[in-house]
file upload02.csv (CSV, C-alpha atoms)
chain,number,residue,atom,x,y,z
A,17,MET,CA,-14.9,-9.2,-23.4
A,18,ILE,CA,-15.9,-5.8,-24.8
A,19,LEU,CA,-18.8,-5.4,-22.3
A,20,ALA,CA,-16.6,-6.5,-19.3
A,21,SER,CA,-13.7,-4.3,-20.4
A,22,THR,CA,-15.9,-1.2,-21.0
A,23,LEU,CA,-17.6,-1.6,-17.6
A,24,PHE,CA,-14.2,-2.0,-15.9
A,25,PHE,CA,-12.6,1.1,-17.5
A,26,VAL,CA,-15.6,3.3,-17.0
A,27,THR,CA,-15.7,2.3,-13.3
A,28,LEU,CA,-12.0,3.0,-13.0
A,29,LEU,CA,-12.4,6.3,-14.8
A,30,PHE,CA,-15.0,7.4,-12.3
A,31,VAL,CA,-12.8,6.2,-9.4
A,32,ILE,CA,-10.0,8.5,-10.6
A,33,TRP,CA,-12.2,11.4,-11.7
A,34,GLN,CA,-14.6,11.4,-8.7
A,35,PRO,CA,-17.1,13.8,-10.3
A,36,LYS,CA,-19.1,16.0,-7.9
A,37,GLY,CA,-17.5,14.3,-4.9
A,38,LEU,CA,-18.6,10.8,-5.9
A,39,GLN,CA,-16.5,8.6,-3.6
A,40,ILE,CA,-14.4,5.7,-4.8
A,41,GLY,CA,-16.3,3.0,-2.8
A,42,THR,CA,-19.7,4.2,-4.1
A,43,THR,CA,-18.4,4.1,-7.7
A,44,ALA,CA,-17.0,0.6,-7.3
A,45,VAL,CA,-20.2,-0.7,-5.8
A,46,ILE,CA,-22.2,0.8,-8.6
A,47,GLY,CA,-19.9,-0.9,-11.1
A,48,ALA,CA,-20.3,-4.2,-9.3
A,49,VAL,CA,-24.1,-3.9,-9.3
A,50,LEU,CA,-24.0,-3.1,-13.1
A,51,ALA,CA,-21.7,-6.1,-13.7
A,52,TYR,CA,-24.3,-8.3,-12.0
A,53,LEU,CA,-27.3,-6.8,-13.8
A,54,LEU,CA,-25.6,-7.0,-17.2
A,55,GLY,CA,-24.7,-10.6,-16.7
A,56,VAL,CA,-20.9,-10.0,-16.6
A,57,VAL,CA,-20.8,-11.8,-13.3
A,58,ASP,CA,-23.4,-14.0,-11.5
A,59,PHE,CA,-24.2,-14.5,-7.8
A,60,LYS,CA,-21.8,-17.5,-7.5
A,61,ASP,CA,-19.0,-15.2,-8.8
A,62,ILE,CA,-19.8,-12.6,-6.1
A,63,LEU,CA,-19.5,-15.4,-3.5
A,64,VAL,CA,-16.2,-16.5,-5.0
A,65,VAL,CA,-14.8,-12.9,-4.9
A,66,THR,CA,-16.0,-12.4,-1.3
A,67,GLY,CA,-14.2,-15.6,-0.4
A,68,ILE,CA,-11.0,-14.3,-1.9
A,69,VAL,CA,-11.0,-10.8,-0.4
A,70,TRP,CA,-12.8,-10.9,2.9
A,71,ASP,CA,-9.6,-11.6,4.9
A,72,ALA,CA,-7.7,-8.9,3.2
A,73,THR,CA,-10.5,-6.4,3.6
A,74,LEU,CA,-11.1,-7.0,7.3
A,75,ALA,CA,-7.4,-7.0,8.0
A,76,PHE,CA,-7.1,-3.7,6.2
A,77,VAL,CA,-9.8,-2.2,8.4
A,78,GLY,CA,-8.0,-3.4,11.5
A,79,ILE,CA,-4.7,-1.9,10.4
A,80,ILE,CA,-6.2,1.4,9.5
A,81,LEU,CA,-8.0,1.6,12.9
A,82,LEU,CA,-4.8,0.8,14.7
A,83,SER,CA,-2.8,3.4,12.7
A,84,MET,CA,-5.5,6.1,13.3
A,85,VAL,CA,-5.3,5.6,17.0
A,86,LEU,CA,-1.5,5.7,17.0
A,87,ASP,CA,-1.7,8.9,14.9
A,88,GLU,CA,-4.2,10.4,17.3
A,89,ILE,CA,-1.9,9.8,20.3
A,90,GLY,CA,1.1,11.3,18.5
A,91,PHE,CA,3.0,8.1,17.7
A,92,PHE,CA,4.0,8.9,14.1
A,93,GLU,CA,4.6,12.6,14.7
A,94,TRP,CA,7.0,11.6,17.6
A,95,CYS,CA,8.8,9.2,15.2
A,96,ALA,CA,9.1,11.9,12.6
A,97,LEU,CA,10.5,14.5,15.1
A,98,MET,CA,13.0,12.1,16.6
A,99,LEU,CA,14.4,11.2,13.1
A,100,ALA,CA,14.6,14.9,12.3
A,101,ARG,CA,16.7,15.3,15.5
A,102,PHE,CA,18.9,12.4,14.5
A,103,SER,CA,19.7,14.1,11.2
A,104,LYS,CA,21.4,16.9,13.1
A,105,GLY,CA,20.3,19.4,10.4
A,106,SER,CA,21.7,17.5,7.5
A,107,GLY,CA,19.3,17.6,4.5
A,108,ASN,CA,20.6,14.4,3.0
A,109,LEU,CA,20.3,12.5,6.3
A,110,MET,CA,16.8,13.9,6.9
A,111,PHE,CA,15.8,12.7,3.4
A,112,VAL,CA,17.1,9.2,4.1
A,113,TYR,CA,15.6,9.1,7.6
A,114,SER,CA,12.2,10.2,6.3
A,115,LEU,CA,12.3,7.3,3.7
A,116,LEU,CA,13.2,4.8,6.5
A,117,LEU,CA,10.3,6.1,8.5
A,118,GLY,CA,8.1,5.7,5.5
A,119,SER,CA,9.4,2.1,5.1
A,120,PHE,CA,8.6,1.3,8.7
A,121,VAL,CA,5.1,2.7,8.6
A,122,SER,CA,4.3,1.0,5.2
A,123,ALA,CA,5.6,-2.3,6.4
A,124,LEU,CA,3.8,-2.3,9.8
A,125,PHE,CA,0.7,-0.3,8.9
A,126,ALA,CA,0.2,-0.9,5.2
A,127,ASN,CA,1.0,1.3,2.3
A,128,ASP,CA,-2.4,3.0,2.5
A,129,GLY,CA,-1.8,3.8,6.2
A,130,ALA,CA,1.5,5.5,5.2
A,131,ALA,CA,-0.3,7.5,2.5
A,132,LEU,CA,-3.1,8.6,4.8
A,133,ILE,CA,-1.3,9.3,8.0
A,134,LEU,CA,2.4,10.0,7.3
A,135,THR,CA,2.0,12.4,4.4
A,136,PRO,CA,0.2,15.2,6.3
A,137,ILE,CA,2.7,14.9,9.2
A,138,LEU,CA,5.7,15.2,6.9
A,139,LEU,CA,4.1,18.1,4.9
A,140,ALA,CA,3.3,20.0,8.1
A,141,LYS,CA,6.8,19.6,9.5
A,142,MET,CA,8.4,20.7,6.2
A,143,LYS,CA,6.3,23.8,6.2
A,144,ILE,CA,7.5,24.6,9.8
A,145,LEU,CA,11.1,24.1,8.6
A,146,LYS,CA,10.4,26.7,5.9
A,147,LEU,CA,11.6,24.5,3.1
A,148,ASN,CA,11.0,25.7,-0.5
A,149,THR,CA,8.4,24.2,-2.8
A,150,LYS,CA,10.9,22.1,-4.8
A,151,THR,CA,12.3,20.5,-1.7
A,152,ILE,CA,8.8,19.8,-0.3
A,153,VAL,CA,7.8,18.2,-3.6
A,154,ALA,CA,11.0,16.1,-3.6
A,155,PHE,CA,10.4,14.8,-0.1
A,156,LEU,CA,6.7,14.1,-0.9
A,157,LEU,CA,7.5,12.3,-4.2
A,158,ALA,CA,10.0,10.1,-2.4
A,159,GLY,CA,7.6,9.4,0.5
A,160,GLY,CA,4.9,8.5,-1.9
A,161,PHE,CA,7.1,6.1,-3.7
A,162,ILE,CA,8.5,4.4,-0.6
A,163,SER,CA,4.9,3.8,0.7
A,164,ASP,CA,4.4,1.2,-2.0
A,165,SER,CA,7.9,-0.1,-2.6
A,166,ALA,CA,8.4,-0.9,1.1
A,167,SER,CA,5.0,-2.7,1.4
A,168,LEU,CA,6.5,-6.1,0.9
A,169,PRO,CA,7.8,-7.8,4.1
A,170,PHE,CA,4.6,-8.9,5.9
A,171,VAL,CA,1.3,-10.4,4.6
A,172,PHE,CA,-0.6,-7.4,6.0
A,173,SER,CA,1.7,-4.7,4.5
A,174,ASN,CA,-0.5,-4.4,1.4
A,175,LEU,CA,-3.9,-5.6,0.3
A,176,THR,CA,-2.2,-7.3,-2.6
A,177,ASN,CA,0.0,-9.3,-0.2
A,178,ILE,CA,-3.0,-10.6,1.7
A,179,VAL,CA,-5.1,-11.5,-1.3
A,180,THR,CA,-2.2,-13.4,-2.9
A,181,ALA,CA,-1.1,-15.2,0.3
A,182,ASP,CA,-4.6,-16.3,0.9
A,183,PHE,CA,-5.1,-17.4,-2.7
A,184,PHE,CA,-2.0,-19.6,-2.7
A,185,HIS,CA,-2.3,-20.6,1.0
A,186,ILE,CA,1.1,-19.0,1.9
A,187,GLY,CA,1.5,-18.7,5.7
A,188,PHE,CA,2.7,-15.6,7.6
A,189,VAL,CA,6.2,-17.0,8.4
A,190,GLU,CA,6.7,-18.6,5.0
A,191,TYR,CA,5.7,-15.3,3.3
A,192,LEU,CA,8.1,-13.3,5.6
A,193,LYS,CA,11.0,-15.7,4.9
A,194,ASN,CA,10.6,-15.3,1.2
A,195,MET,CA,10.0,-11.6,1.1
A,196,ILE,CA,12.4,-10.2,3.7
A,197,ILE,CA,15.3,-10.0,1.2
A,198,PRO,CA,13.2,-8.4,-1.6
A,199,PHE,CA,12.0,-5.9,1.0
A,200,ILE,CA,15.5,-5.0,2.1
A,201,VAL,CA,16.6,-4.7,-1.5
A,202,SER,CA,13.6,-2.6,-2.4
A,203,VAL,CA,14.2,-0.1,0.4
A,204,ILE,CA,17.9,0.2,-0.3
A,205,ALA,CA,17.4,0.5,-4.1
A,206,SER,CA,14.5,2.9,-3.7
A,207,ILE,CA,16.5,5.2,-1.4
A,208,ILE,CA,19.6,5.2,-3.7
A,209,PHE,CA,17.6,6.0,-6.8
A,210,LEU,CA,15.4,8.5,-5.2
A,211,TRP,CA,18.4,10.4,-3.8
A,212,LEU,CA,20.1,10.3,-7.2
A,213,ILE,CA,17.1,11.7,-9.0
A,214,LEU,CA,16.1,14.3,-6.3
A,215,ARG,CA,19.4,15.2,-4.8
A,216,LYS,CA,19.5,18.7,-6.5
A,217,ASP,CA,16.4,19.7,-4.6
A,218,ILE,CA,17.6,18.5,-1.2
A,219,PRO,CA,19.2,21.3,0.9
A,220,LYS,CA,22.5,20.6,2.6
A,221,LYS,CA,21.4,22.1,5.9
A,222,ILE,CA,18.0,22.4,7.6
A,223,ASP,CA,17.3,24.4,10.7
A,224,ILE,CA,15.7,21.7,12.9
A,225,SER,CA,15.6,24.0,15.9
A,226,LEU,CA,12.3,25.2,14.5
A,227,LEU,CA,10.7,21.9,15.3
A,228,SER,CA,9.0,21.2,18.7
A,229,ASP,CA,10.2,18.7,21.2
A,230,PRO,CA,9.1,15.1,20.3
A,231,ASP,CA,7.6,14.4,23.8
A,232,GLU,CA,5.4,17.5,23.5
A,233,VAL,CA,3.2,15.9,20.8
A,234,LEU,CA,2.4,12.8,22.8
A,235,LYS,CA,-1.1,12.7,24.4
A,236,SER,CA,-0.2,10.0,26.8
A,237,LYS,CA,3.4,8.9,27.3
A,238,LYS,CA,2.2,5.8,29.2
A,239,LEU,CA,0.0,4.7,26.2
A,240,PHE,CA,2.8,5.6,23.8
A,241,TYR,CA,5.3,3.3,25.5
A,242,PHE,CA,2.6,0.6,25.8
A,243,SER,CA,2.0,0.9,22.0
A,244,TRP,CA,5.5,-0.5,21.3
A,245,VAL,CA,4.7,-3.5,23.5
A,246,PHE,CA,1.3,-3.9,21.9
A,247,LEU,CA,2.9,-4.0,18.4
A,248,ALA,CA,5.4,-6.6,19.5
A,249,LEU,CA,2.6,-8.7,20.9
A,250,LEU,CA,0.5,-8.3,17.8
A,251,LEU,CA,3.4,-9.5,15.6
A,252,THR,CA,3.8,-12.5,17.9
A,253,GLY,CA,0.1,-13.1,17.5
A,254,TYR,CA,0.5,-13.3,13.7
A,255,ILE,CA,3.2,-15.9,14.1
A,256,ILE,CA,1.1,-18.0,16.5
A,257,GLY,CA,-1.9,-17.6,14.2
A,258,ASP,CA,0.2,-18.9,11.3
A,259,ILE,CA,0.9,-22.1,13.3
A,260,TYR,CA,-2.8,-22.7,13.9
A,261,LYS,CA,-3.9,-21.5,10.5
A,262,ILE,CA,-5.9,-18.5,11.9
A,263,PRO,CA,-6.7,-15.8,9.3
A,264,VAL,CA,-4.6,-12.6,9.4
A,265,SER,CA,-7.7,-10.5,9.8
A,266,PHE,CA,-8.4,-12.1,13.2
A,267,PHE,CA,-5.3,-10.5,14.7
A,268,ALA,CA,-5.3,-7.3,12.5
A,269,LEU,CA,-9.0,-6.4,13.1
A,270,GLY,CA,-9.0,-7.8,16.7
A,271,GLY,CA,-5.8,-5.9,17.5
A,272,GLY,CA,-7.1,-2.7,16.0
A,273,ILE,CA,-10.4,-2.8,17.9
A,274,LEU,CA,-8.6,-3.8,21.2
A,275,PHE,CA,-6.1,-0.9,21.0
A,276,LEU,CA,-8.9,1.5,20.1
A,277,TRP,CA,-10.8,0.4,23.2
A,278,ILE,CA,-7.6,0.7,25.4
A,279,ALA,CA,-6.9,4.2,24.1
A,280,SER,CA,-10.6,5.2,24.6
A,281,ILE,CA,-10.5,4.0,28.2
A,282,ASN,CA,-7.2,6.0,28.6
A,283,LYS,CA,-9.3,9.0,27.3
A,284,SER,CA,-6.6,9.6,24.6
A,285,VAL,CA,-9.1,9.1,21.8
A,286,ASN,CA,-12.9,9.1,21.2
A,287,PHE,CA,-14.0,5.6,20.2
A,288,LEU,CA,-17.0,6.7,18.1
A,289,THR,CA,-15.1,9.5,16.4
A,290,ILE,CA,-12.3,7.1,15.2
A,291,VAL,CA,-14.9,4.5,14.0
A,292,LYS,CA,-16.9,7.2,12.1
A,293,THR,CA,-13.9,8.8,10.5
A,294,ALA,CA,-12.3,5.5,9.4
A,295,PRO,CA,-12.0,5.2,5.6
A,296,TRP,CA,-14.9,2.8,5.1
A,297,GLN,CA,-15.1,3.8,1.4
A,298,ILE,CA,-12.0,1.7,0.8
A,299,VAL,CA,-13.8,-1.4,2.0
A,300,TRP,CA,-16.6,-0.9,-0.6
A,301,PHE,CA,-14.0,0.0,-3.2
A,302,SER,CA,-12.1,-3.2,-2.6
A,303,ILE,CA,-15.1,-5.6,-2.8
A,304,GLY,CA,-16.8,-3.7,-5.6
A,305,LEU,CA,-13.9,-3.4,-7.9
A,306,TYR,CA,-12.9,-7.0,-7.4
A,307,ILE,CA,-16.4,-8.0,-8.5
A,308,VAL,CA,-16.1,-5.9,-11.6
A,309,VAL,CA,-12.6,-7.4,-12.3
A,310,TYR,CA,-14.0,-10.9,-12.0
A,311,GLY,CA,-16.0,-10.1,-15.1
A,312,LEU,CA,-12.7,-9.7,-17.0
A,313,LYS,CA,-11.8,-13.2,-15.8
A,314,ASN,CA,-15.1,-14.6,-17.1
A,315,ALA,CA,-14.5,-12.9,-20.4
A,316,GLY,CA,-11.2,-14.9,-20.8
A,317,LEU,CA,-8.5,-12.3,-20.0
A,318,THR,CA,-6.9,-14.6,-17.4
A,319,ASP,CA,-6.7,-17.5,-20.0
A,320,HIS,CA,-4.7,-15.2,-22.4
A,321,ILE,CA,-2.3,-14.2,-19.6
A,322,THR,CA,-1.9,-17.8,-18.5
A,323,ILE,CA,-0.6,-18.7,-22.0
A,324,ILE,CA,2.0,-15.9,-21.8
A,325,LEU,CA,3.1,-17.0,-18.4
A,326,GLN,CA,3.4,-20.6,-19.4
A,327,GLU,CA,5.6,-19.6,-22.3
A,328,LEU,CA,7.8,-17.6,-20.0
A,329,ALA,CA,8.1,-20.6,-17.6
A,330,LYS,CA,9.6,-22.6,-20.5
A,331,ARG,CA,12.5,-20.2,-20.6
A,332,GLY,CA,13.6,-20.8,-17.0
A,333,ASP,CA,12.4,-19.7,-13.5
A,334,LYS,CA,14.5,-16.5,-13.4
A,335,ILE,CA,13.1,-15.3,-16.8
A,336,ALA,CA,9.6,-16.3,-15.7
A,337,VAL,CA,9.9,-14.4,-12.4
A,338,ILE,CA,11.1,-11.2,-14.1
A,339,GLY,CA,8.5,-11.5,-16.8
A,340,THR,CA,5.7,-12.1,-14.3
A,341,GLY,CA,6.8,-9.1,-12.3
A,342,PHE,CA,6.9,-6.8,-15.3
A,343,ILE,CA,3.5,-8.0,-16.6
A,344,SER,CA,2.0,-7.3,-13.2
A,345,ALA,CA,3.7,-4.0,-13.0
A,346,ILE,CA,2.5,-2.8,-16.4
A,347,LEU,CA,-1.0,-4.0,-15.9
A,348,SER,CA,-1.1,-2.3,-12.4
A,349,ALA,CA,0.1,1.0,-13.9
A,350,ILE,CA,-2.6,0.8,-16.6
A,351,MET,CA,-5.6,-0.7,-14.7
A,352,ASN,CA,-4.7,-0.3,-10.9
A,353,ASN,CA,-2.9,-3.0,-8.8
A,354,LEU,CA,-6.0,-4.3,-7.0
A,355,PRO,CA,-7.7,-5.7,-10.1
A,356,THR,CA,-4.3,-6.8,-11.5
A,357,VAL,CA,-3.4,-8.9,-8.5
A,358,MET,CA,-6.6,-10.9,-8.7
A,359,ILE,CA,-6.3,-11.4,-12.4
A,360,MET,CA,-2.6,-12.5,-12.2
A,361,ASP,CA,-3.3,-14.8,-9.2
A,362,ILE,CA,-6.0,-16.6,-11.1
A,363,ALA,CA,-3.7,-16.8,-14.2
A,364,LEU,CA,-0.9,-18.2,-12.0
A,365,LYS,CA,-3.0,-20.7,-10.0
A,366,ASP,CA,-1.6,-23.8,-11.9
A,367,MET,CA,2.1,-22.6,-11.8
A,368,PRO,CA,4.1,-24.9,-9.5
A,369,ASN,CA,6.6,-22.3,-8.2
A,370,HIS,CA,5.4,-19.8,-5.5
A,371,ALA,CA,8.2,-17.5,-6.7
A,372,PHE,CA,5.9,-16.4,-9.5
A,373,ALA,CA,3.3,-15.4,-6.9
A,374,TYR,CA,5.9,-13.3,-5.1
A,375,ALA,CA,6.9,-11.8,-8.4
A,376,ASN,CA,3.3,-10.9,-8.9
A,377,ILE,CA,3.1,-9.1,-5.5
A,378,ILE,CA,6.3,-7.2,-6.2
A,379,GLY,CA,5.1,-6.1,-9.7
A,380,CYS,CA,1.7,-5.1,-8.2
A,381,ASN,CA,3.3,-3.1,-5.4
A,382,LEU,CA,6.0,-1.3,-7.4
A,383,GLY,CA,4.5,-1.1,-10.8
A,384,PRO,CA,1.6,1.2,-9.8
A,385,LYS,CA,4.1,4.0,-9.1
A,386,MET,CA,4.4,4.5,-12.9
A,387,THR,CA,1.1,6.3,-13.0
A,388,PRO,CA,-1.0,8.4,-10.5
A,389,PHE,CA,-3.9,5.9,-10.7
A,390,GLY,CA,-1.8,2.7,-10.4
A,391,SER,CA,-2.6,2.1,-6.7
A,392,LEU,CA,-5.2,3.1,-4.1
A,393,ALA,CA,-2.3,4.3,-1.9
A,394,THR,CA,-1.2,6.8,-4.6
A,395,LEU,CA,-4.8,8.0,-5.2
A,396,LEU,CA,-5.1,8.6,-1.4
A,397,TRP,CA,-1.7,10.3,-1.3
A,398,LEU,CA,-2.6,12.6,-4.2
A,399,HIS,CA,-6.0,13.3,-2.6
A,400,VAL,CA,-4.4,14.2,0.8
A,401,LEU,CA,-1.9,16.5,-1.0
A,402,ASN,CA,-4.6,18.2,-3.0
A,403,LYS,CA,-6.6,19.0,0.2
A,404,LYS,CA,-3.4,20.5,1.6
A,405,GLY,CA,-2.9,22.7,-1.4
A,406,VAL,CA,-0.1,20.7,-3.1
A,407,LYS,CA,-0.8,19.7,-6.6
A,408,ILE,CA,1.3,17.2,-8.6
A,409,GLY,CA,0.4,17.0,-12.2
A,410,PHE,CA,-0.2,13.7,-14.2
A,411,TRP,CA,2.9,14.1,-16.4
A,412,GLN,CA,5.1,15.4,-13.6
A,413,TYR,CA,4.2,12.3,-11.6
A,414,SER,CA,4.4,9.8,-14.5
A,415,LYS,CA,7.8,11.0,-15.7
A,416,PHE,CA,9.2,10.6,-12.2
A,417,GLY,CA,7.4,7.3,-11.7
A,418,LEU,CA,8.7,5.7,-14.9
A,419,LEU,CA,12.3,6.9,-14.3
A,420,ILE,CA,12.6,5.3,-10.9
A,421,THR,CA,10.2,2.3,-10.9
A,422,LEU,CA,11.7,0.3,-13.8
A,423,PRO,CA,15.3,0.0,-12.4
A,424,VAL,CA,14.1,-0.6,-8.8
A,425,LEU,CA,11.6,-3.2,-10.0
A,426,LEU,CA,14.2,-5.1,-12.0
A,427,ILE,CA,16.7,-5.1,-9.0
A,428,VAL,CA,14.1,-6.4,-6.6
A,429,LEU,CA,12.9,-9.1,-8.9
A,430,LEU,CA,16.4,-10.4,-9.3
A,431,GLY,CA,16.4,-11.0,-5.5
A,432,VAL,CA,13.3,-13.3,-5.6
A,433,ARG,CA,14.2,-16.9,-4.8

call {"tool": "encode", "arguments": {"input": "upload02.csv", "output": "structure tokens"}}
result
Amino acid sequence: MILASTLFFVTLLFVIWQPKGLQIGTTAVIGAVLAYLLGVVDFKDILVVTGIVWDATLAFVGIILLSMVLDEIGFFEWCALMLARFSKGSGNLMFVYSLLLGSFVSALFANDGAALILTPILLAKMKILKLNTKTIVAFLLAGGFISDSASLPFVFSNLTNIVTADFFHIGFVEYLKNMIIPFIVSVIASIIFLWLILRKDIPKKIDISLLSDPDEVLKSKKLFYFSWVFLALLLTGYIIGDIYKIPVSFFALGGGILFLWIASINKSVNFLTIVKTAPWQIVWFSIGLYIVVYGLKNAGLTDHITIILQELAKRGDKIAVIGTGFISAILSAIMNNLPTVMIMDIALKDMPNHAFAYANIIGCNLGPKMTPFGSLATLLWLHVLNKKGVKIGFWQYSKFGLLITLPVLLIVLLGVR
């Protein structure tokens, strides 16, 4: 346990620190290699981990490719500008609309997609609007939170969702039926609490005349309109795939590549440029870190958690659901949500009620917001902001995260059936 724990926390430390530009995927792969060489995991374990995460990883690649193409043709910028228009210059309405846009992007293009793509767009628009630093930080903090808290409704909305759905053999439609209410509750509760906490930094009026016309940012109106049809067809494909037990990644990756090909034929994007600039490091990060984490399972960590979960189950389903969610949330805040979801899934494998699996997902999606290193989306979000010259300190973020995460998490868990 000491060796496995030390290796995990050292790997996580280097992922967060990134000394001399060492990328997160490279660090995770080095950690995985060390885990194998030191005997923390064996080759069979690597095959087991690959079997657990391959669908999630390939689906994530497809979603990122799709979102990158949409970003390149002006899809997300158009949405942001249209919502700014709908606000009619009201700061409070713009705040709410920006969170609704973040919820939309997070749900359909995953939380990491929201962090990578929407953050730079919102930051650029807020600078054009000449908003002060406090207001900009307020909007960014809220947007960063919603990217994870809204990543609940679809299997593909978060890597944690895909891993858990695959692990417990939960279909696309079954997952959606059980998580649509927690998603709605999470979005509403998040917006209310975010507004209450940040309302002092939200201006009453904003001069939206400074923004450009939404249609001006589109590279191809024809492709833009087609993209809505394509998204609808893709969602239909997920439902059909669920009927025939086709993996989510088949449609996510296939759809991403197909749309990239269509956009390249339309000459709106360069095929090779998109492929080269895709965040491939996240793929290596996902696989590598999961292998390191499996060493903790081998060391007995999941056995201890299983005992705690079984004790909670004796006190009734509602107590067990809330307890599971908070355990997942706390572990995610401390050790990142990607390793947490695997550890908790393994610990929950003999629990008869899928509600515990959904509680685990909720805890792993919301809980990470308590610390800057709780989720990959937050790390990406902070990295994007840092490159843009906006620095949010550890304690500034953590105080905000703790204040809002705990009440929203409890409210959402109460909605799990």

call {"tool": "closest_residue", "arguments": {"input": "upload02.csv", "among": "A:Val308, A:Leu429, A:Met98, A:Leu251", "to": "A:Lys334", "atoms": "only C-alpha atoms"}}
result
A:Leu429

call {"tool": "residues_around", "arguments": {"input": "upload02.csv", "residues": "stretch 128-138 of chain A", "least_positions_apart": "2", "cutoff": "8 Å", "atoms": "all atoms listed in the file", "output": "list of chain:residue names"}}
result
A:Ile79, A:Ile80, A:Ser83, A:Met84, A:Asp87, A:Phe92, A:Glu93, A:Ala96, A:Gly118, A:Val121, A:Ser122, A:Phe125, A:Ala126, A:Ala140, A:Lys141, A:Met142, A:Leu156, A:Gly159, A:Gly160, A:Ser163, A:Asn174, A:Leu392, A:Ala393, A:Thr394, A:Leu396, A:Trp397, A:Val400, A:Leu401, A:Lys404

call {"tool": "closest_residue", "arguments": {"input": "upload02.csv", "among": "A:Ser228, A:Asn402, A:Thr180, A:Ser391", "to": "A:Ala72", "atoms": "all atoms listed in the file"}}
result
A:Thr180

call {"tool": "residues_around", "arguments": {"input": "upload02.csv", "residues": "stretch 215-220 of chain A", "least_positions_apart": "6", "cutoff": "9 Å", "atoms": "only C-alpha atoms", "output": "list in words"}}
result
Gly105, Ser106, Gly107, Asn108, Phe111, Leu147, Lys150, Thr151, Ile152, Val153, Ala154 and Phe155 of chain A

call {"tool": "closest_residue", "arguments": {"input": "upload02.csv", "among": "A:Val201, A:Val77, A:Leu19, A:Ala158", "to": "A:Thr293", "atoms": "only C-alpha atoms"}}
result
A:Val77

call {"tool": "closest_residue", "arguments": {"input": "upload02.csv", "among": "A:Ile273, A:Met351, A:Gly409, A:Phe183", "to": "A:Leu288", "atoms": "all atoms listed in the file"}}
result
A:Ile273

call {"tool": "closest_residue", "arguments": {"input": "upload02.csv", "among": "A:Gly311, A:Gly383, A:Gly55, A:Gly417", "to": "A:Met358", "atoms": "only C-alpha atoms"}}
result
A:Gly311

call {"tool": "closest_residue", "arguments": {"input": "upload02.csv", "among": "A:Leu364, A:Leu212, A:Leu382, A:Ala20", "to": "A:Leu328", "atoms": "only C-alpha atoms"}}
result
A:Leu364

call {"tool": "residues_near_point", "arguments": {"input": "upload02.csv", "point": "(0.5, 10.1, 18.0)", "cutoff": "12 Å", "atoms": "all atoms listed in the file", "output": "count of residues only"}}
result
34

call {"tool": "atom_distance", "arguments": {"input": "upload02.csv", "atom1": "atom CA of A:Leu210", "atom2": "atom CA of A:Ile298"}}
result
28.9 Å

call {"tool": "residues_around", "arguments": {"input": "upload02.csv", "residues": "A:Leu124", "least_positions_apart": "3", "cutoff": "9 Å", "atoms": "only C-alpha atoms", "output": "MDAnalysis selection string"}}
result
chainID A and resid 79 119:121 127 167 169:170 172:173 247

call {"tool": "residues_near_point", "arguments": {"input": "upload02.csv", "point": "(-22.0, -6.9, -6.8)", "cutoff": "10 Å", "atoms": "only C-alpha atoms", "output": "PyMOL selection string"}}
result
chain A and resi 44-53+57-59+61-63+65-66+303-308

call {"tool": "write_last_selection", "arguments": {"input": "upload02.csv", "atoms": "C-alpha atoms", "output": "PDB file, keeping the file's coordinate frame"}}
result
ATOM      1  CA  ALA A  44     -17.000   0.600  -7.300  1.00  0.00           C
ATOM      2  CA  VAL A  45     -20.200  -0.700  -5.800  1.00  0.00           C
ATOM      3  CA  ILE A  46     -22.200   0.800  -8.600  1.00  0.00           C
ATOM      4  CA  GLY A  47     -19.900  -0.900 -11.100  1.00  0.00           C
ATOM      5  CA  ALA A  48     -20.300  -4.200  -9.300  1.00  0.00           C
ATOM      6  CA  VAL A  49     -24.100  -3.900  -9.300  1.00  0.00           C
ATOM      7  CA  LEU A  50     -24.000  -3.100 -13.100  1.00  0.00           C
ATOM      8  CA  ALA A  51     -21.700  -6.100 -13.700  1.00  0.00           C
ATOM      9  CA  TYR A  52     -24.300  -8.300 -12.000  1.00  0.00           C
ATOM     10  CA  LEU A  53     -27.300  -6.800 -13.800  1.00  0.00           C
ATOM     11  CA  VAL A  57     -20.800 -11.800 -13.300  1.00  0.00           C
ATOM     12  CA  ASP A  58     -23.400 -14.000 -11.500  1.00  0.00           C
ATOM     13  CA  PHE A  59     -24.200 -14.500  -7.800  1.00  0.00           C
ATOM     14  CA  ASP A  61     -19.000 -15.200  -8.800  1.00  0.00           C
ATOM     15  CA  ILE A  62     -19.800 -12.600  -6.100  1.00  0.00           C
ATOM     16  CA  LEU A  63     -19.500 -15.400  -3.500  1.00  0.00           C
ATOM     17  CA  VAL A  65     -14.800 -12.900  -4.900  1.00  0.00           C
ATOM     18  CA  THR A  66     -16.000 -12.400  -1.300  1.00  0.00           C
ATOM     19  CA  ILE A 303     -15.100  -5.600  -2.800  1.00  0.00           C
ATOM     20  CA  GLY A 304     -16.800  -3.700  -5.600  1.00  0.00           C
ATOM     21  CA  LEU A 305     -13.900  -3.400  -7.900  1.00  0.00           C
ATOM     22  CA  TYR A 306     -12.900  -7.000  -7.400  1.00  0.00           C
ATOM     23  CA  ILE A 307     -16.400  -8.000  -8.500  1.00  0.00           C
ATOM     24  CA  VAL A 308     -16.100  -5.900 -11.600  1.00  0.00           C
TER      25      VAL A 308
END

call {"tool": "residues_around", "arguments": {"input": "upload02.csv", "residues": "A:Gly332", "least_positions_apart": "6", "cutoff": "12 Å", "atoms": "only C-alpha atoms", "output": "number ranges by chain"}}
result
A: 325-326, 338-339, 369, 372
